[in-house]
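Colleague: File work_34.cif below, mmCIF, C-alpha atoms:
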```
data_entry
#
loop_
_atom_site.group_PDB
_atom_site.id
_atom_site.type_symbol
_atom_site.label_atom_id
_atom_site.label_comp_id
_atom_site.auth_asym_id
_atom_site.auth_seq_id
_atom_site.Cartn_x
_atom_site.Cartn_y
_atom_site.Cartn_z
ATOM 1 C CA MET A 8 22.786 -13.142 15.448
ATOM 2 C CA ALA A 9 24.604 -16.243 14.236
ATOM 3 C CA ARG A 10 27.573 -18.275 15.366
ATOM 4 C CA LYS A 11 29.244 -20.850 13.158
ATOM 5 C CA VAL A 12 32.145 -21.697 15.468
ATOM 6 C CA GLY A 13 32.334 -23.254 18.914
ATOM 7 C CA PRO A 14 34.882 -23.651 21.716
ATOM 8 C CA GLY A 15 37.839 -25.799 20.717
ATOM 9 C CA GLN A 16 36.958 -25.725 17.029
ATOM 10 C CA TYR A 17 39.855 -25.251 14.604
ATOM 11 C CA VAL A 18 39.588 -21.950 12.635
ATOM 12 C CA ARG A 19 41.404 -21.426 9.346
ATOM 13 C CA SER A 20 42.074 -18.094 7.669
ATOM 14 C CA ASP A 21 41.169 -19.366 4.192
ATOM 15 C CA SER A 22 37.593 -20.304 5.148
ATOM 16 C CA GLY A 23 34.992 -18.494 3.014
ATOM 17 C CA ASP A 24 32.270 -18.590 5.655
ATOM 18 C CA SER A 25 31.882 -15.895 8.263
ATOM 19 C CA LEU A 26 32.296 -17.166 11.803
ATOM 20 C CA TYR A 27 29.879 -14.731 13.463
ATOM 21 C CA ALA A 28 27.085 -12.403 12.393
ATOM 22 C CA ILE A 29 26.743 -9.425 14.718
ATOM 23 C CA SER A 30 23.917 -6.873 14.506
ATOM 24 C CA ASN A 31 22.801 -3.758 16.307
ATOM 25 C CA LEU A 32 19.016 -4.147 16.789
ATOM 26 C CA SER A 33 18.434 -0.682 18.285
ATOM 27 C CA THR A 34 17.179 0.406 14.856
ATOM 28 C CA MET A 35 15.320 -2.004 12.558
ATOM 29 C CA TRP A 36 14.519 -1.791 8.854
ATOM 30 C CA LEU A 37 11.029 -2.256 7.496
ATOM 31 C CA LYS A 38 10.971 -3.380 3.889
ATOM 32 C CA ALA A 39 7.518 -2.619 2.512
ATOM 33 C CA ASN A 40 6.328 -3.759 -0.909
ATOM 34 C CA VAL A 41 4.226 -0.875 -2.223
ATOM 35 C CA PRO A 42 2.055 -1.195 -5.374
ATOM 36 C CA GLU A 43 3.744 0.635 -8.246
ATOM 37 C CA ASN A 44 0.720 2.880 -8.871
ATOM 38 C CA ASP A 45 1.080 4.235 -5.300
ATOM 39 C CA ILE A 46 4.829 4.942 -5.561
ATOM 40 C CA PRO A 47 4.392 8.517 -6.922
ATOM 41 C CA LEU A 48 2.742 9.359 -3.577
ATOM 42 C CA VAL A 49 5.652 8.057 -1.467
ATOM 43 C CA ARG A 50 8.583 10.350 -0.607
ATOM 44 C CA VAL A 51 11.761 9.894 1.407
ATOM 45 C CA GLY A 52 11.152 11.298 4.893
ATOM 46 C CA GLN A 53 7.443 10.444 5.060
ATOM 47 C CA GLU A 54 6.178 9.008 8.326
ATOM 48 C CA ILE A 55 4.949 5.420 8.517
ATOM 49 C CA GLU A 56 2.784 3.723 11.138
ATOM 50 C CA VAL A 57 3.845 0.127 11.693
ATOM 51 C CA ARG A 58 1.988 -2.641 13.497
ATOM 52 C CA VAL A 59 3.613 -5.970 14.230
ATOM 53 C CA ALA A 60 1.563 -9.143 14.712
ATOM 54 C CA ALA A 61 3.726 -10.182 17.681
ATOM 55 C CA VAL A 62 3.014 -6.887 19.521
ATOM 56 C CA PRO A 63 -0.586 -6.074 18.440
ATOM 57 C CA ASP A 64 -1.279 -3.362 21.040
ATOM 58 C CA ARG A 65 1.632 -1.159 19.957
ATOM 59 C CA VAL A 66 2.132 1.221 17.027
ATOM 60 C CA PHE A 67 5.700 1.960 15.937
ATOM 61 C CA LYS A 68 6.642 5.143 14.075
ATOM 62 C CA ALA A 69 9.138 5.063 11.226
ATOM 63 C CA ARG A 70 10.401 7.256 8.372
ATOM 64 C CA VAL A 71 10.974 6.311 4.732
ATOM 65 C CA ILE A 72 14.724 6.280 4.042
ATOM 66 C CA ALA A 73 14.877 4.701 0.560
ATOM 67 C CA ILE A 74 12.607 3.889 -2.378
ATOM 68 C CA GLY A 75 13.601 1.084 -4.736
ATOM 69 C CA ALA A 76 14.616 1.916 -8.283
ATOM 70 C CA THR A 77 12.796 -1.019 -9.902
ATOM 71 C CA SER A 78 9.426 -2.699 -9.796
ATOM 72 C CA ASP A 79 9.077 -6.460 -9.306
ATOM 73 C CA SER A 80 7.813 -7.754 -12.653
ATOM 74 C CA THR A 81 5.542 -10.404 -11.130
ATOM 75 C CA THR A 82 3.998 -8.520 -8.193
ATOM 76 C CA ARG A 83 4.168 -4.985 -9.707
ATOM 77 C CA ARG A 84 5.453 -3.676 -6.373
ATOM 78 C CA VAL A 85 8.388 -1.459 -5.418
ATOM 79 C CA SER A 86 10.463 -1.959 -2.274
ATOM 80 C CA VAL A 87 10.311 0.942 0.207
ATOM 81 C CA ARG A 88 12.694 0.856 3.166
ATOM 82 C CA SER A 89 12.222 2.679 6.451
ATOM 83 C CA GLU A 90 13.961 2.758 9.821
ATOM 84 C CA ILE A 91 12.142 2.014 13.080
ATOM 85 C CA PRO A 92 13.690 2.905 16.446
ATOM 86 C CA ASN A 93 13.799 -0.235 18.607
ATOM 87 C CA PRO A 94 15.317 0.853 21.952
ATOM 88 C CA ASP A 95 13.548 -1.806 24.037
ATOM 89 C CA GLY A 96 14.209 -4.664 21.589
ATOM 90 C CA ALA A 97 10.524 -5.484 21.028
ATOM 91 C CA LEU A 98 11.107 -5.877 17.283
ATOM 92 C CA LYS A 99 12.963 -8.925 16.004
ATOM 93 C CA SER A 100 14.422 -9.748 12.620
ATOM 94 C CA GLU A 101 11.991 -11.213 10.016
ATOM 95 C CA MET A 102 8.803 -10.280 11.933
ATOM 96 C CA PHE A 103 5.666 -9.757 9.859
ATOM 97 C CA ALA A 104 4.318 -6.196 9.923
ATOM 98 C CA THR A 105 1.587 -4.093 8.371
ATOM 99 C CA PHE A 106 2.097 -0.429 7.605
ATOM 100 C CA LYS A 107 0.371 2.828 6.705
ATOM 101 C CA ILE A 108 2.174 5.553 4.814
ATOM 102 C CA ALA A 109 0.690 9.058 5.183
ATOM 103 C CA THR A 110 0.727 10.224 1.569
ATOM 104 C CA GLY A 111 -1.365 13.374 1.604
ATOM 105 C CA SER A 112 -2.075 16.444 3.634
ATOM 106 C CA GLY A 113 -5.488 15.124 4.620
ATOM 107 C CA GLU A 114 -7.470 16.600 1.734
ATOM 108 C CA THR A 115 -10.896 15.050 1.335
ATOM 109 C CA SER A 116 -11.953 13.215 -1.775
ATOM 110 C CA PRO A 117 -14.965 11.035 -2.460
ATOM 111 C CA GLY A 118 -14.780 7.283 -2.128
ATOM 112 C CA VAL A 119 -16.968 4.781 -3.944
ATOM 113 C CA PRO A 120 -17.426 1.027 -3.590
ATOM 114 C CA THR A 121 -15.193 -0.942 -5.968
ATOM 115 C CA GLU A 122 -18.268 -2.418 -7.684
ATOM 116 C CA ALA A 123 -19.467 1.102 -8.597
ATOM 117 C CA VAL A 124 -16.568 1.632 -11.010
ATOM 118 C CA ILE A 125 -16.899 0.341 -14.581
ATOM 119 C CA TRP A 126 -13.502 -0.282 -16.186
ATOM 120 C CA GLU A 127 -12.868 -0.198 -19.933
ATOM 121 C CA GLY A 128 -9.127 -0.733 -20.177
ATOM 122 C CA ASP A 129 -7.605 2.273 -18.383
ATOM 123 C CA LEU A 130 -10.837 4.305 -18.520
ATOM 124 C CA ALA A 131 -12.916 4.315 -15.318
ATOM 125 C CA THR A 132 -16.540 5.492 -15.201
ATOM 126 C CA VAL A 133 -19.312 5.664 -12.619
ATOM 127 C CA TRP A 134 -23.049 6.247 -12.893
ATOM 128 C CA VAL A 135 -24.041 9.431 -11.018
ATOM 129 C CA GLU A 136 -27.625 10.142 -9.940
ATOM 130 C CA ILE A 137 -28.681 13.488 -11.479
ATOM 131 C CA GLU A 138 -32.211 13.362 -10.076
ATOM 132 C CA PRO A 139 -34.240 10.465 -8.677
ATOM 133 C CA MET A 140 -34.075 7.528 -11.126
ATOM 134 C CA LEU A 141 -32.064 9.587 -13.671
ATOM 135 C CA PHE A 142 -28.379 8.664 -14.030
ATOM 136 C CA ARG A 143 -25.511 10.026 -16.075
ATOM 137 C CA ARG A 144 -22.307 8.179 -16.953
ATOM 138 C CA ARG A 145 -19.195 10.093 -15.881
ATOM 139 C CA LYS A 146 -15.467 9.518 -16.410
ATOM 140 C CA VAL A 147 -13.432 9.514 -13.198
ATOM 141 C CA ARG A 148 -9.786 9.261 -12.229
ATOM 142 C CA ILE A 149 -9.237 6.651 -9.540
ATOM 143 C CA GLY A 150 -6.701 6.876 -6.709
ATOM 144 C CA LEU A 151 -6.022 4.532 -3.818
ATOM 145 C CA GLU A 152 -8.027 1.449 -2.863
ATOM 146 C CA GLN A 153 -8.750 0.590 0.753
ATOM 147 C CA ASP A 154 -11.287 -1.648 2.472
ATOM 148 C CA GLY A 155 -13.368 -2.247 -0.665
ATOM 149 C CA ARG A 156 -13.565 1.434 -1.606
ATOM 150 C CA LEU A 157 -11.808 3.434 -4.316
ATOM 151 C CA GLN A 158 -10.721 7.042 -3.998
ATOM 152 C CA VAL A 159 -12.011 9.280 -6.807
ATOM 153 C CA ARG A 160 -9.419 11.954 -7.564
ATOM 154 C CA GLU A 161 -11.304 13.666 -10.393
ATOM 155 C CA GLY A 162 -14.785 13.558 -11.879
ATOM 156 C CA LEU A 163 -16.901 13.278 -8.736
ATOM 157 C CA ASN A 164 -17.729 15.746 -5.971
ATOM 158 C CA PRO A 165 -18.215 14.795 -2.316
ATOM 159 C CA GLY A 166 -21.874 14.113 -1.592
ATOM 160 C CA GLU A 167 -22.847 13.045 -5.109
ATOM 161 C CA LEU A 168 -24.678 9.730 -5.253
ATOM 162 C CA VAL A 169 -23.434 6.916 -7.474
ATOM 163 C CA VAL A 170 -24.815 3.520 -8.384
ATOM 164 C CA GLY A 171 -23.008 0.931 -6.256
ATOM 165 C CA ARG A 172 -24.268 -2.595 -6.613
ATOM 166 C CA GLY A 173 -25.704 -3.149 -10.049
ATOM 167 C CA ALA A 174 -23.650 -0.456 -11.786
ATOM 168 C CA ILE A 175 -22.618 -3.009 -14.393
ATOM 169 C CA PHE A 176 -26.302 -3.707 -15.162
ATOM 170 C CA VAL A 177 -27.019 0.010 -15.624
ATOM 171 C CA ASP A 178 -23.988 0.224 -17.915
ATOM 172 C CA ASN A 179 -25.114 -2.816 -19.939
ATOM 173 C CA GLU A 180 -28.625 -1.384 -20.332
ATOM 174 C CA TRP A 181 -27.165 1.942 -21.512
ATOM 175 C CA ARG A 182 -25.067 0.177 -24.164
ATOM 176 C CA GLN A 183 -28.116 -1.537 -25.748
#
```
Mind turning this structure into structure tokens?
Modeller:
Amino acid sequence: MARKVGPGQYVRSDSGDSLYAISNLSTMWLKANVPENDIPLVRVGQEIEVRVAAVPDRVFKARVIAIGATSDSTTRRVSVRSEIPNPDGALKSEMFATFKIATGSGETSPGVPTEAVIWEGDLATVWVEIEPMLFRRRKVRIGLEQDGRLQVREGLNPGELVVGRGAIFVDNEWRQ
């Protein structure tokens, strides 16, 4: 991968620099920075789908091999490392990739728009329609966020209607 010596160059044994860097690129590492609140869902051995910007029409499969022991204090993310087979050499060092980690067994749970959730510190609530134009405030436990929607792990059943846009106005009116 790197060469710091050329033909005819004098080489000394007391030099601190390495002369060559040699790598086997048949297996590559993916270092993913996962939000710390999602880390309890990640396990060694889980499958990952990887897409690389340089090869957009291809999906690579990988497996989690290590989960970092610490969280970055500024980004609140934990490093998760996986191995990707690279027999044809399509992947190169330092390429940018996106990834999906399958964390569950495919159980269904309701999803709500992010603007539907009212946060008070760590407490999350939504306004659920009980009957037309009658709403009830309900505590919920939030899971993952994706594409502007939040997973509701507890407190809401699939099919129940919630106030999306304007939920904050309903909440403010209720507080008066």
Colleague: Counting all atoms listed in the file, I want the residues whose atoms come within 9 Å of (12.6, 0.9, 16.1) in the file frame, returned as a list of chain:residue names.
Modeller: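 Within 9 Å of (12.6, 0.9, 16.1), the protein and nucleic acid residues are A:Leu32, A:Ser33, A:Thr34, A:Met35, A:Trp36, A:Phe67, A:Lys68, A:Ala69, A:Glu90, A:Ile91, A:Pro92, A:Asn93, A:Pro94, A:Asp95, A:Gly96, A:Ala97, A:Leu98.
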Colleague: Smallest atom-to-atom distance to Met8 of chain A: which of A:Pro139, A:Glu43, A:Lys99, A:Val147, using all atoms listed in the file?
Modeller: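 Among the listed residues, the smallest separation from Met8 of chain A belongs to A:Lys99.
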Colleague: Determine the nearest neighbour of Glu56 of chain A from the options A:Thr115, A:Asn44, A:Ser89, A:Thr77, counting all atoms listed in the file.
Modeller: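 Using all atoms listed in the file, the shortest distance to Glu56 of chain A belongs to A:Ser89.
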Colleague: Excluding segment 72-76 of chain A and residues on its chain fewer than 5 positions from it, collect all residues at most 9 Å away from it, counting all atoms listed in the file, and give them as a ChimeraX atom specification.
Modeller: /A:46,49-53,85-90
Colleague: Using only C-alpha atoms, pick whichever of A:Ala61, A:Leu141, A:Trp134, A:Arg83 has the shortest atom-to-atom distance to Met102 of chain A.
Modeller: A:Ala61
Colleague: Can you list what the PyMOL selection byres ((chain A and resi 135) around 8) grabs from this structure, as a list in words?
Modeller: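 Selection result, ordered by chain and number: Val133, Trp134, Glu136, Ile137, Phe142, Arg143, Arg144, Arg145, Glu167, Leu168, Val169 and Val170 of chain A.
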Colleague: Residues near Arg156 of chain A, anyone? I mean within 7 Å using only C-alpha atoms, not counting same-chain ones fewer than 3 positions away, as a PDB file with C-alpha atoms, in the frame of the given file.
Modeller:
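Listing of part_18.pdb after writing:
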```
ATOM      1  CA  GLY A 118     -14.780   7.283  -2.128  1.00  0.00           C
ATOM      2  CA  VAL A 119     -16.968   4.781  -3.944  1.00  0.00           C
ATOM      3  CA  PRO A 120     -17.426   1.027  -3.590  1.00  0.00           C
ATOM      4  CA  THR A 121     -15.193  -0.942  -5.968  1.00  0.00           C
ATOM      5  CA  GLU A 152      -8.027   1.449  -2.863  1.00  0.00           C
ATOM      6  CA  GLN A 153      -8.750   0.590   0.753  1.00  0.00           C
TER       7      GLN A 153
END
```
Colleague: Need the shell around Glu122 of chain A: protein/DNA/RNA residues with any atom at most 9 Å away, counting all atoms listed in the file. Skip same-chain ones fewer than 3 positions apart. Format as a PyMOL selection string?
Modeller: chain A and resi 119+125+155-156+170-175
Colleague: Okay, now the selection with C-alpha atoms, as a PDB file, in the coordinates of the input?
Modeller:
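Wrote out.pdb, looks like this:
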```pdb
ATOM      1  CA  VAL A 119     -16.968   4.781  -3.944  1.00  0.00           C
ATOM      2  CA  ILE A 125     -16.899   0.341 -14.581  1.00  0.00           C
ATOM      3  CA  GLY A 155     -13.368  -2.247  -0.665  1.00  0.00           C
ATOM      4  CA  ARG A 156     -13.565   1.434  -1.606  1.00  0.00           C
ATOM      5  CA  VAL A 170     -24.815   3.520  -8.384  1.00  0.00           C
ATOM      6  CA  GLY A 171     -23.008   0.931  -6.256  1.00  0.00           C
ATOM      7  CA  ARG A 172     -24.268  -2.595  -6.613  1.00  0.00           C
ATOM      8  CA  GLY A 173     -25.704  -3.149 -10.049  1.00  0.00           C
ATOM      9  CA  ALA A 174     -23.650  -0.456 -11.786  1.00  0.00           C
ATOM     10  CA  ILE A 175     -22.618  -3.009 -14.393  1.00  0.00           C
TER      11      ILE A 175
END
```
Colleague: Would you please work out which residue, of A:Ser116, A:Glu180, A:Glu138, A:Ala123, is nearest to Leu163 of chain A when using all atoms listed in the file?
Modeller: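 Checking each of A:Ser116, A:Glu180, A:Glu138, A:Ala123 against Leu163 of chain A, counting all atoms listed in the file, the winner is A:Ser116.
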Colleague: Hey, what's within 7 Å of Val59 of chain A if we count all atoms listed in the file and toss same-chain stuff fewer than 2 positions away? As a list in words, please?
Modeller: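 Final neighbour list, sorted by chain and number: Val57, Ala61, Val62, Pro63, Phe103, Ala104 and Thr105 of chain A.
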Colleague: Would you compute the distance between atom CA of Gln158 of chain A and atom CA of Lys146 of chain A? Give it in Å to one decimal.
Modeller: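 Computed distance, atom CA of Gln158 of chain A to atom CA of Lys146 of chain A, equals 13.5 Å.
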Colleague: Rank A:Pro117, A:Glu54, A:Val177, A:Ala39 by their smallest atom-to-atom distance to Arg148 of chain A, using only C-alpha atoms, and report the top residue only.
Modeller: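 Of the candidates, the smallest distance to Arg148 of chain A is held by A:Pro117.
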Colleague: With all atoms listed in the file as the atoms that count, which of A:Asp21, A:Asp64, A:Glu101, A:Glu161 lies nearest to Thr132 of chain A?
Modeller: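 Among the listed residues, the smallest separation from Thr132 of chain A belongs to A:Glu161.
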Colleague: Can you tell me which residues surround Ser25 of chain A at a distance of at most 10 Å, considering all atoms listed in the file, apart from same-chain residues fewer than 6 positions away, and format the answer as a list in words?
Modeller: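 Neighbouring residues, sequence-local ones excluded: Ala9, Arg10, Lys11 and Val12 of chain A.
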Colleague: Please write the residues from the selection above to a file, keeping C-alpha atoms, as a PDB file, in the coordinates of the input.
Modeller:
```
ATOM      1  CA  ALA A   9      24.604 -16.243  14.236  1.00  0.00           C
ATOM      2  CA  ARG A  10      27.573 -18.275  15.366  1.00  0.00           C
ATOM      3  CA  LYS A  11      29.244 -20.850  13.158  1.00  0.00           C
ATOM      4  CA  VAL A  12      32.145 -21.697  15.468  1.00  0.00           C
TER       5      VAL A  12
END
```
Colleague: Would you work out the distance separating atom CA of Ser78 of chain A from atom CA of Gly150 of chain A, expressed in Å to one decimal?
Modeller: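 Atom CA of Ser78 of chain A sits 19.0 Å away from atom CA of Gly150 of chain A.
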Colleague: Quick one: pull the distance between atom CA of Phe176 of chain A and atom CA of Val124 of chain A, Å, one decimal.
Modeller: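 Between atom CA of Phe176 of chain A and atom CA of Val124 of chain A the gap is 11.9 Å.
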